[in-house]
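Undergrad: Below is the file upload08.txt, which contains compact mmCIF, C-alpha atoms.
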# COMPACT_ATOMS: atom_id res chain seq x y z
CA MET A 1 0.00 0.00 0.00
CA ARG A 2 1.03 3.56 -0.75
CA ARG A 3 0.32 5.62 2.39
CA LYS A 4 0.70 9.29 3.21
CA VAL A 5 0.92 10.99 6.60
CA VAL A 6 1.50 14.49 7.90
CA PHE A 7 2.81 15.05 11.43
CA HIS A 8 1.96 18.41 13.02
CA ILE A 9 4.33 20.02 15.54
CA ASP A 10 3.41 23.33 17.17
CA GLU A 11 5.06 23.04 20.59
CA ILE A 12 8.77 22.58 21.23
CA ASP A 13 8.04 19.63 23.55
CA GLN A 14 6.48 17.67 20.69
CA TRP A 15 9.72 17.48 18.68
CA GLN A 16 11.09 14.60 20.77
CA ARG A 17 7.91 12.52 20.54
CA THR A 18 7.51 13.19 16.83
CA SER A 19 11.12 12.31 16.13
CA GLN A 20 10.66 9.00 17.94
CA ASN A 21 7.41 8.35 16.05
CA ILE A 22 9.05 8.94 12.68
CA HIS A 23 12.02 6.78 13.63
CA ASN A 24 9.81 3.84 14.68
CA LEU A 25 7.53 4.25 11.69
CA CYS A 26 10.32 4.35 9.09
CA ASP A 27 12.19 1.48 10.76
CA TYR A 28 9.12 -0.73 10.67
CA VAL A 29 7.97 0.17 7.18
CA ALA A 30 11.46 -0.62 5.85
CA THR A 31 10.84 -4.26 6.88
CA VAL A 32 7.50 -4.52 5.07
CA PRO A 33 8.12 -4.48 1.30
CA GLU A 34 4.48 -3.89 0.37
CA GLU A 35 4.17 -0.72 2.48
CA GLN A 36 5.29 2.52 0.89
CA LEU A 37 5.12 5.62 3.02
CA GLN A 38 5.31 9.33 2.29
CA VAL A 39 5.94 11.38 5.44
CA ILE A 40 5.70 15.17 5.77
CA VAL A 41 6.27 17.13 8.99
CA VAL A 42 4.61 20.56 9.25
CA VAL A 43 6.08 22.82 11.93
CA ASN A 44 4.41 26.06 13.07
CA GLY A 45 3.93 28.13 16.23
CA ASP A 46 6.67 28.16 18.86
CA ALA A 47 7.93 24.78 17.62
CA ILE A 48 9.51 26.55 14.65
CA GLN A 49 12.47 27.26 16.94
CA GLY A 50 13.15 23.51 17.04
CA TYR A 51 14.68 23.73 13.56
CA LEU A 52 17.49 25.81 15.08
CA GLN A 53 18.12 23.35 17.91
CA ALA A 54 19.85 19.97 18.04
CA ILE A 55 16.57 18.01 18.11
CA GLY A 56 15.34 19.59 14.88
CA GLU A 57 18.66 19.49 13.07
CA GLN A 58 19.19 15.83 13.96
CA THR A 59 15.65 14.76 13.06
CA VAL A 60 15.96 16.39 9.64
CA ALA A 61 19.45 14.95 9.04
CA GLN A 62 18.45 11.42 10.08
CA HIS A 63 15.45 11.19 7.75
CA PRO A 64 16.35 12.28 4.21
CA SER A 65 13.21 10.61 2.84
CA VAL A 66 10.93 12.70 5.07
CA LYS A 67 9.88 16.20 3.96
CA PHE A 68 10.02 18.99 6.54
CA HIS A 69 7.93 22.16 6.15
CA ALA A 70 8.28 25.45 8.06
CA CYS A 71 5.45 27.97 8.48
CA HIS A 72 6.57 31.38 7.21
CA ASN A 73 4.27 33.21 9.63
CA ALA A 74 5.89 31.42 12.58
CA MET A 75 9.35 32.21 11.18
CA GLN A 76 8.50 35.90 11.02
CA LYS A 77 7.11 35.95 14.55
CA HIS A 78 10.31 34.33 15.86
CA HIS A 79 12.66 36.39 13.63
CA ILE A 80 13.99 33.34 11.80
CA ASN A 81 15.38 33.63 8.27
CA GLY A 82 15.30 30.86 5.70
CA ASP A 83 19.07 30.53 5.72
CA GLN A 84 19.00 29.62 9.42
CA LEU A 85 16.91 26.52 8.72
CA PRO A 86 18.43 23.15 7.76
CA ALA A 87 18.85 23.18 3.98
CA ALA A 88 16.31 20.42 3.39
CA VAL A 89 13.46 22.34 5.03
CA GLN A 90 10.81 23.80 2.71
CA ILE A 91 9.06 27.05 3.68
CA VAL A 92 5.25 27.22 3.30
CA PRO A 93 3.28 30.47 3.64
CA VAL A 94 0.86 29.29 6.36
CA GLY A 95 1.36 26.02 8.22
CA VAL A 96 -2.30 25.37 8.93
CA LEU A 97 -3.27 25.90 5.27
CA ASP A 98 -0.58 23.35 4.38
CA LEU A 99 -2.19 20.89 6.82
CA ILE A 100 -5.59 21.48 5.21
CA GLN A 101 -4.22 21.00 1.69
CA LEU A 102 -2.34 17.82 2.63
CA GLN A 103 -5.38 16.24 4.28
CA ALA A 104 -7.45 17.12 1.20
CA ALA A 105 -4.77 15.29 -0.82
CA GLY A 106 -5.29 12.13 1.24
CA PHE A 107 -2.69 12.50 3.97
CA ALA A 108 -3.57 11.11 7.40
CA TYR A 109 -3.05 13.65 10.21
CA ILE A 110 -1.16 12.85 13.41
CA LYS A 111 -0.58 15.30 16.27
CA PRO A 112 2.05 13.81 18.61
CA MET B 1 -10.33 25.47 -4.30
CA ARG B 2 -13.14 25.17 -1.77
CA ARG B 3 -11.60 23.90 1.48
CA LYS B 4 -13.05 22.99 4.86
CA VAL B 5 -11.32 22.73 8.22
CA VAL B 6 -12.32 22.10 11.81
CA PHE B 7 -10.12 23.28 14.69
CA HIS B 8 -10.48 21.37 17.96
CA ILE B 9 -9.91 23.12 21.31
CA ASP B 10 -10.21 21.16 24.56
CA GLU B 11 -7.70 22.94 26.80
CA ILE B 12 -7.82 26.61 27.80
CA ASP B 13 -4.19 27.05 26.75
CA GLN B 14 -5.02 26.17 23.14
CA TRP B 15 -7.31 29.19 22.64
CA GLN B 16 -4.41 31.58 22.08
CA ARG B 17 -2.67 29.34 19.51
CA THR B 18 -5.92 28.56 17.71
CA SER B 19 -6.88 32.22 17.57
CA GLN B 20 -3.51 33.04 16.01
CA ASN B 21 -3.87 30.14 13.54
CA ILE B 22 -7.31 31.33 12.41
CA HIS B 23 -6.09 34.91 12.11
CA ASN B 24 -3.10 33.94 9.93
CA LEU B 25 -5.16 31.52 7.86
CA CYS B 26 -7.99 33.99 7.12
CA ASP B 27 -5.53 36.82 6.42
CA TYR B 28 -3.65 34.72 3.89
CA VAL B 29 -6.66 33.18 2.19
CA ALA B 30 -8.12 36.67 1.71
CA THR B 31 -5.16 37.42 -0.60
CA VAL B 32 -5.67 34.29 -2.74
CA PRO B 33 -8.84 34.69 -4.80
CA GLU B 34 -9.00 31.05 -5.86
CA GLU B 35 -8.98 29.74 -2.26
CA GLN B 36 -12.31 29.58 -0.47
CA LEU B 37 -12.27 28.41 3.09
CA GLN B 38 -14.93 27.26 5.54
CA VAL B 39 -13.68 27.25 9.14
CA ILE B 40 -15.41 25.70 12.15
CA VAL B 41 -14.05 25.68 15.71
CA VAL B 42 -15.32 22.93 18.04
CA VAL B 43 -14.76 23.61 21.73
CA ASN B 44 -15.21 20.96 24.43
CA GLY B 45 -13.69 19.91 27.75
CA ASP B 46 -12.28 22.58 30.07
CA ALA B 47 -11.73 24.88 27.09
CA ILE B 48 -15.46 25.62 27.09
CA GLN B 49 -14.71 28.22 29.76
CA GLY B 50 -12.76 30.18 27.14
CA TYR B 51 -16.04 31.39 25.62
CA LEU B 52 -16.64 33.35 28.84
CA GLN B 53 -13.17 34.93 28.82
CA ALA B 54 -11.66 37.76 26.78
CA ILE B 55 -9.73 35.39 24.50
CA GLY B 56 -12.87 33.52 23.43
CA GLU B 57 -15.09 36.59 23.16
CA GLN B 58 -12.51 38.42 21.04
CA THR B 59 -11.79 35.46 18.78
CA VAL B 60 -15.50 35.03 18.05
CA ALA B 61 -16.02 38.78 17.53
CA GLN B 62 -13.03 39.14 15.20
CA HIS B 63 -14.04 36.31 12.86
CA PRO B 64 -17.68 36.63 11.80
CA SER B 65 -17.10 34.21 8.90
CA VAL B 66 -15.90 31.43 11.22
CA LYS B 67 -18.46 29.17 12.94
CA PHE B 68 -17.94 28.41 16.64
CA HIS B 69 -19.48 25.34 18.27
CA ALA B 70 -19.83 24.58 21.98
CA CYS B 71 -20.18 21.06 23.42
CA HIS B 72 -23.34 20.84 25.54
CA ASN B 73 -21.83 18.15 27.77
CA ALA B 74 -18.90 20.43 28.58
CA MET B 75 -21.29 23.33 29.26
CA GLN B 76 -23.23 21.22 31.75
CA LYS B 77 -20.07 20.07 33.53
CA HIS B 78 -18.93 23.67 33.91
CA HIS B 79 -22.41 25.04 34.76
CA ILE B 80 -22.53 27.28 31.69
CA ASN B 81 -25.85 28.32 30.16
CA GLY B 82 -26.39 29.11 26.50
CA ASP B 83 -27.10 32.77 27.26
CA GLN B 84 -23.63 33.17 28.77
CA LEU B 85 -21.99 32.28 25.43
CA PRO B 86 -21.29 34.85 22.70
CA ALA B 87 -24.45 35.08 20.59
CA ALA B 88 -22.77 33.65 17.48
CA VAL B 89 -21.82 30.37 19.17
CA GLN B 90 -23.83 27.29 18.22
CA ILE B 91 -24.41 24.55 20.79
CA VAL B 92 -23.89 20.93 19.71
CA PRO B 93 -24.91 17.95 21.87
CA VAL B 94 -21.50 16.22 21.96
CA GLY B 95 -18.35 17.92 20.71
CA VAL B 96 -16.54 14.75 19.70
CA LEU B 97 -19.53 13.51 17.67
CA ASP B 98 -19.49 16.89 15.89
CA LEU B 99 -15.80 16.34 15.07
CA ILE B 100 -16.59 12.90 13.67
CA GLN B 101 -19.48 14.20 11.55
CA LEU B 102 -17.45 17.13 10.19
CA GLN B 103 -14.53 14.90 9.20
CA ALA B 104 -16.97 12.54 7.48
CA ALA B 105 -18.25 15.60 5.58
CA GLY B 106 -14.73 16.30 4.28
CA PHE B 107 -13.38 18.72 6.86
CA ALA B 108 -9.65 18.54 7.62
CA TYR B 109 -8.91 18.25 11.37
CA ILE B 110 -6.37 20.42 13.16
CA LYS B 111 -5.56 20.24 16.88
CA PRO B 112 -3.51 23.32 17.82
CA MET C 1 -25.22 6.63 9.77
CA ARG C 2 -22.35 4.23 10.33
CA ARG C 3 -19.44 6.27 11.70
CA LYS C 4 -15.88 5.38 12.67
CA VAL C 5 -13.47 7.23 14.92
CA VAL C 6 -10.00 6.66 16.33
CA PHE C 7 -8.88 8.43 19.51
CA HIS C 8 -5.11 8.90 19.93
CA ILE C 9 -3.53 8.96 23.39
CA ASP C 10 0.22 9.51 23.77
CA GLU C 11 0.43 11.32 27.10
CA ILE C 12 -0.73 9.97 30.44
CA ASP C 13 -2.71 13.15 31.11
CA GLN C 14 -4.90 12.53 28.07
CA TRP C 15 -6.39 9.32 29.46
CA GLN C 16 -8.87 11.16 31.70
CA ARG C 17 -10.11 13.46 28.93
CA THR C 18 -10.36 10.62 26.41
CA SER C 19 -12.23 8.42 28.86
CA GLN C 20 -14.74 11.22 29.43
CA ASN C 21 -15.04 11.81 25.66
CA ILE C 22 -15.78 8.13 25.00
CA HIS C 23 -18.27 7.99 27.85
CA ASN C 24 -20.21 11.04 26.59
CA LEU C 25 -20.06 9.87 22.99
CA CYS C 26 -21.30 6.33 23.68
CA ASP C 27 -24.02 7.60 26.05
CA TYR C 28 -25.36 9.99 23.44
CA VAL C 29 -25.14 7.64 20.49
CA ALA C 30 -27.08 5.01 22.46
CA THR C 31 -30.05 7.42 22.42
CA VAL C 32 -29.95 7.97 18.64
CA PRO C 33 -31.07 4.76 16.90
CA GLU C 34 -29.86 5.84 13.44
CA GLU C 35 -26.27 6.49 14.60
CA GLN C 36 -23.93 3.50 14.68
CA LEU C 37 -20.45 4.10 15.94
CA GLN C 38 -17.21 2.13 15.82
CA VAL C 39 -14.63 3.46 18.30
CA ILE C 40 -10.94 2.51 18.46
CA VAL C 41 -8.41 3.94 20.91
CA VAL C 42 -4.73 3.83 19.89
CA VAL C 43 -2.27 4.27 22.75
CA ASN C 44 1.44 4.90 22.24
CA GLY C 45 4.31 6.83 23.82
CA ASP C 46 4.37 7.31 27.59
CA ALA C 47 0.59 6.89 27.71
CA ILE C 48 1.08 3.14 27.29
CA GLN C 49 1.63 3.02 31.06
CA GLY C 50 -2.02 4.05 31.48
CA TYR C 51 -3.10 0.49 30.66
CA LEU C 52 -1.45 -0.62 33.91
CA GLN C 53 -3.16 2.05 36.01
CA ALA C 54 -6.70 2.40 37.33
CA ILE C 55 -7.72 4.94 34.66
CA GLY C 56 -6.78 2.61 31.79
CA GLU C 57 -8.15 -0.54 33.38
CA GLN C 58 -11.47 1.14 34.18
CA THR C 59 -11.84 2.75 30.76
CA VAL C 60 -11.29 -0.60 29.04
CA ALA C 61 -13.63 -2.43 31.44
CA GLN C 62 -16.42 0.15 31.10
CA HIS C 63 -16.51 0.10 27.30
CA PRO C 64 -16.65 -3.48 25.96
CA SER C 65 -17.79 -2.21 22.54
CA VAL C 66 -14.70 -0.01 22.13
CA LYS C 67 -11.47 -1.52 20.78
CA PHE C 68 -8.23 -0.62 22.54
CA HIS C 69 -4.86 -0.90 20.77
CA ALA C 70 -1.38 -0.80 22.33
CA CYS C 71 1.78 0.18 20.41
CA HIS C 72 4.37 -2.60 20.68
CA ASN C 73 7.26 -0.15 20.37
CA ALA C 74 5.96 1.81 23.34
CA MET C 75 5.50 -1.41 25.32
CA GLN C 76 9.13 -2.38 24.70
CA LYS C 77 10.41 1.06 25.69
CA HIS C 78 8.47 0.89 28.97
CA HIS C 79 9.24 -2.84 29.60
CA ILE C 80 5.59 -3.86 29.45
CA ASN C 81 4.61 -7.39 28.47
CA GLY C 82 1.36 -8.33 26.75
CA ASP C 83 0.16 -10.27 29.81
CA GLN C 84 0.29 -7.09 31.90
CA LEU C 85 -2.29 -5.39 29.66
CA PRO C 86 -6.05 -5.76 30.18
CA ALA C 87 -7.12 -8.88 28.27
CA ALA C 88 -9.23 -6.95 25.76
CA VAL C 89 -6.32 -4.83 24.53
CA GLN C 90 -4.91 -5.67 21.09
CA ILE C 91 -1.20 -5.12 20.40
CA VAL C 92 -0.22 -3.38 17.13
CA PRO C 93 3.40 -3.20 15.88
CA VAL C 94 3.58 0.59 15.51
CA GLY C 95 0.88 2.90 16.90
CA VAL C 96 1.35 5.67 14.34
CA LEU C 97 1.13 3.22 11.42
CA ASP C 98 -2.13 1.98 12.94
CA LEU C 99 -3.39 5.59 12.99
CA ILE C 100 -2.45 6.01 9.34
CA GLN C 101 -4.16 2.77 8.30
CA LEU C 102 -7.33 3.57 10.24
CA GLN C 103 -7.64 7.06 8.72
CA ALA C 104 -7.11 5.54 5.27
CA ALA C 105 -10.01 3.19 6.13
CA GLY C 106 -12.29 6.16 6.80
CA PHE C 107 -11.87 6.68 10.54
CA ALA C 108 -12.07 10.24 11.82
CA TYR C 109 -9.08 11.20 14.03
CA ILE C 110 -9.45 12.88 17.41
CA LYS C 111 -6.57 13.86 19.71
CA PRO C 112 -8.00 14.74 23.15
Output the file's structure in the form of structure tokens.
TA:
Amino acid sequence: MRRKVVFHIDEIDQWQRTSQNIHNLCDYVATVPEEQLQVIVVVNGDAIQGYLQAIGEQTVAQHPSVKFHACHNAMQKHHINGDQLPAAVQIVPVGVLDLIQLQAAGFAYIKP
Amino acid sequence: MRRKVVFHIDEIDQWQRTSQNIHNLCDYVATVPEEQLQVIVVVNGDAIQGYLQAIGEQTVAQHPSVKFHACHNAMQKHHINGDQLPAAVQIVPVGVLDLIQLQAAGFAYIKP
Amino acid sequence: MRRKVVFHIDEIDQWQRTSQNIHNLCDYVATVPEEQLQVIVVVNGDAIQGYLQAIGEQTVAQHPSVKFHACHNAMQKHHINGDQLPAAVQIVPVGVLDLIQLQAAGFAYIKP
């Protein structure tokens, strides 16, 4: 099966749990040939600061197959520029609109 | 695109984040003519008390195009009558059933 | 209507709210003959310990029509064996994959 999921992080504390979730999920799916998984992580609110901390940098670096999105509104509020983010992170205008669009495109939603 | 989203608030602390989310979302969508957005906020649990506080009253007043629902079970538990709620708020029997029905009707779910 | 919902618990604190949600939901639906409801609860992360506490045991015992799932990864991390769980609980390999599969099967998602 081809499956799609979006994880939503909006509090700094949720980075650790989400990172563990993604790790367990990718590890397991790698052992099941018939499962194909597309994972996107949408980060907004105060959690945007996690991209500048070890937990965010490591989570992004450890999962090259996962896409990471950053809410531009949250970046502005926290005075974060695009060049401060890990290079793989994609900026979206509004994190919650991204979540709406992804669910409309068939992504399951998980809030760790 | 015509899009639909339901925000779920069940803790007082989530009012502030949700209010900011709705504000950013509506601001952005107003600049994109091809995006049409229907937003509903379902409030249950302890968060029901937010409708009687400045944060809830202001959020409702500032977004006349957004629909706000209040869980009747939560109102009873917190001894809140319908006439204490902002006039625009609609009472639903059970907040979680409302969330189930809205998702079945194609609404994306976001838990700030 | 035949409706399906999955509740996600990954923090111990969410057990109480979820238990109340399920109670209110099942009580109400029992009074509405045309509503049929399938409820699954997926527990992962630190919340897995709730199955060994009074709140988890009572919630499972009080709702024989609700299915309760336990994430095997979370069980391993917290050194919990299957025979420590209430008998009705079903073990799934990875809680978040379960959440993805259930949403793909039409279940609404609620994070209390």
Undergrad: Using all atoms listed in the file, determine which residues of chain B fall within 8 Å of chain C; present them as number ranges by chain.
TA: B: 10, 45, 73, 94, 96-97, 99-101, 103-104, 109, 111
Undergrad: Calculate how many Å separate CA of Asp46 (chain C) from CA of Asp98 (chain A), rounding to one decimal.
TA: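 Distance between the two atoms: 28.6 Å.
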Undergrad: Please compute the CA of Leu52 (chain A)-CA of Gln16 (chain B) distance, one decimal, in Å.
TA: 23.7 Å
Undergrad: Between CA of Val32 (chain B) and CA of Ser65 (chain B), measure the distance and give it in Å to one decimal.
TA: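 It comes out at 16.3 Å.
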Undergrad: Would you kindly return, as a PyMOL selection string, each protein, DNA or RNA residue with an atom no farther than 9 Å from any atom of Leu85 (chain B), considering all atoms listed in the file and excluding same-chain residues fewer than 5 positions away?
TA: chain B and resi 51-52+57+70+80+90
Undergrad: Show which residues sit within 7 Å of Val92 (chain A), as number ranges by chain. Count all atoms listed in the file, and ignore same-chain residues fewer than 5 positions away.
TA: A: 69-72
Undergrad: Would you write out those residues with C-alpha atoms, as a compact mmCIF listing (two decimals), in the coordinates of the input?
TA:
# COMPACT_ATOMS: atom_id res chain seq x y z
CA HIS A 69 7.93 22.16 6.15
CA ALA A 70 8.28 25.45 8.06
CA CYS A 71 5.45 27.97 8.48
CA HIS A 72 6.57 31.38 7.21
Undergrad: Go through A:Met75, A:Leu102, A:Ala61, A:Ile48 and flag the residue nearest Ile9 (chain A), using only C-alpha atoms for the distances.
TA: A:Ile48
Undergrad: Can you work out which one of B:Gln84, B:Ser19, B:Gln14, B:Thr59 has the shortest atom-to-atom distance to Asn44 (chain B), counting all atoms listed in the file?
TA: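 Closest to Asn44 (chain B) of all the choices is B:Gln14.
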Undergrad: For each of B:Ile12, B:Gly82, B:Gln38, B:His23, take the minimum atom-to-atom distance to Gly56 (chain B), counting all atoms listed in the file, then give the residue where this is smallest.
TA: B:Ile12
